[in-house]
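Asks: The structure follows.
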Amino acid sequence: MNSRKEQLAAFNRLLDIMDDLREKCPWDKKQTLESLRHLTIEETYELADAILDNDLQEIKKELGDVLLHIVFYAKIGSEKKAFDIADVANSICDKLVHRHPHIYGDVVAETEEEVKRNWEQLKLKEGNKSVLEGVPKSLPAVVKASRIQEKVKGVGFDWEKPEQVWEKVQEELTELNEEVKAGNQENTEKEFGDVLFSMINYARFIGVNPENALEKTNKKFINRFQFLEQEAKKEGKELADMSLTEMDVYWEKSKEFFK
């Protein structure tokens, strides 16, 4: 691994390159905070994919892309005389020190739960009107539900046992089934949302990240379906012309390779 001196030198090199690009490259010169936004979201998802694939080399590359965006935003901020990369770094350093009084102060927090509880209480003291203010509105729904539940847990609003949450899941499933039978589409949608929210809550209690779990299932399904397509093609068949029974033969075979 690189020494701290080498790490700082690499970061300084990136800052120098950013200065050059902003001054000389036609594309980089045109970028704004707004124009970079969707690209940053895309890069973040690519990093998330690499993490799920446990591809360390790809993670390294994607972290570089995300870091470039951070430096890019800071560069634009400095041009606007609003902030620079030092302000960005110092801001997060100050927040980390303030929110870790059990490390940098005299507060005692022996467990992860105590740390989270202190964190949420400090945020309220800083002026937040609600513990849910820090949940971004644009988060994907599954991730948002997880963050909401984690936030309220930090102030003690939570179930005590996994069994209680599972009972809630069963209750919500029953209510959903009743609305489906009644044919009320609006209420069915509401109850379906309640089921998902309860399942996400249960996932938290059994130590499962619901976003990761669902994405792994997505990847597994894609791999199995593409295997089905490839095997059918080898035999000169088109899926549209095959029966579900015929396709299921390949699907079952795909399970030997993608579990």
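Ordering of the structure tokens sets the chain letters (A, B, ...), residue numbers begin anew at 1 in every chain, and ligands are numbered from 1 in the order given.
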Might you pull out every residue within 10 Å of stretch 187-198 of chain A, with only C-alpha atoms counted and same-chain residues fewer than 2 positions away left off, and present them as a PyMOL selection string?
Replies: chain A and resi 141-142+145-146+149+165-185+200-204
Asks: Include C-alpha atoms and write out the residues we just selected as an mmCIF file, in the first residue's frame.
Replies:
data_model
loop_
_atom_site.group_PDB
_atom_site.id
_atom_site.type_symbol
_atom_site.label_atom_id
_atom_site.label_comp_id
_atom_site.auth_asym_id
_atom_site.auth_seq_id
_atom_site.Cartn_x
_atom_site.Cartn_y
_atom_site.Cartn_z
ATOM 1 C CA ALA A 141 -37.989 3.707 -2.901
ATOM 2 C CA VAL A 142 -36.384 0.562 -1.443
ATOM 3 C CA ALA A 145 -37.625 2.863 3.095
ATOM 4 C CA SER A 146 -34.478 1.359 4.634
ATOM 5 C CA GLN A 149 -36.541 2.805 9.244
ATOM 6 C CA VAL A 165 -42.117 -7.691 12.413
ATOM 7 C CA TRP A 166 -42.900 -11.006 10.726
ATOM 8 C CA GLU A 167 -46.385 -10.917 12.275
ATOM 9 C CA LYS A 168 -46.798 -7.451 10.768
ATOM 10 C CA VAL A 169 -45.747 -8.789 7.355
ATOM 11 C CA GLN A 170 -48.397 -11.523 7.632
ATOM 12 C CA GLU A 171 -51.003 -8.948 8.659
ATOM 13 C CA GLU A 172 -50.167 -6.730 5.677
ATOM 14 C CA LEU A 173 -50.283 -9.703 3.287
ATOM 15 C CA THR A 174 -53.761 -10.567 4.539
ATOM 16 C CA GLU A 175 -54.935 -7.002 4.031
ATOM 17 C CA LEU A 176 -53.436 -6.966 0.528
ATOM 18 C CA ASN A 177 -55.190 -10.211 -0.367
ATOM 19 C CA GLU A 178 -58.512 -8.799 0.833
ATOM 20 C CA GLU A 179 -58.166 -5.724 -1.386
ATOM 21 C CA VAL A 180 -57.158 -7.837 -4.390
ATOM 22 C CA LYS A 181 -60.291 -9.934 -3.931
ATOM 23 C CA ALA A 182 -62.389 -6.769 -3.544
ATOM 24 C CA GLY A 183 -61.002 -5.430 -6.805
ATOM 25 C CA ASN A 184 -60.143 -2.021 -5.365
ATOM 26 C CA GLN A 185 -57.051 -1.018 -7.343
ATOM 27 C CA ILE A 200 -37.915 -4.167 4.162
ATOM 28 C CA ASN A 201 -38.329 -3.729 7.906
ATOM 29 C CA TYR A 202 -38.108 -7.492 8.410
ATOM 30 C CA ALA A 203 -34.991 -7.645 6.243
ATOM 31 C CA ARG A 204 -33.336 -5.169 8.592
#
Asks: Would you please work out which residue, of A:Lys129, A:Lys75, A:Lys116, A:His98, is nearest to A:Arg22 when using only C-alpha atoms?
Replies: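 Of the candidates, the smallest distance to A:Arg22 is held by A:Lys75.
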Asks: Using only C-alpha atoms, find the one residue out of A:Leu56, A:Met247, A:Ala213, A:Ala240 that sits nearest to A:Phe227.
Replies: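 Closest residue, counting only C-alpha atoms: A:Met247.
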Asks: Could you tell me how far atom CA of A:Glu58 sits from atom CA of A:Ala9, in Å to one decimal place?
Replies: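 Those two atoms sit 22.5 Å apart.
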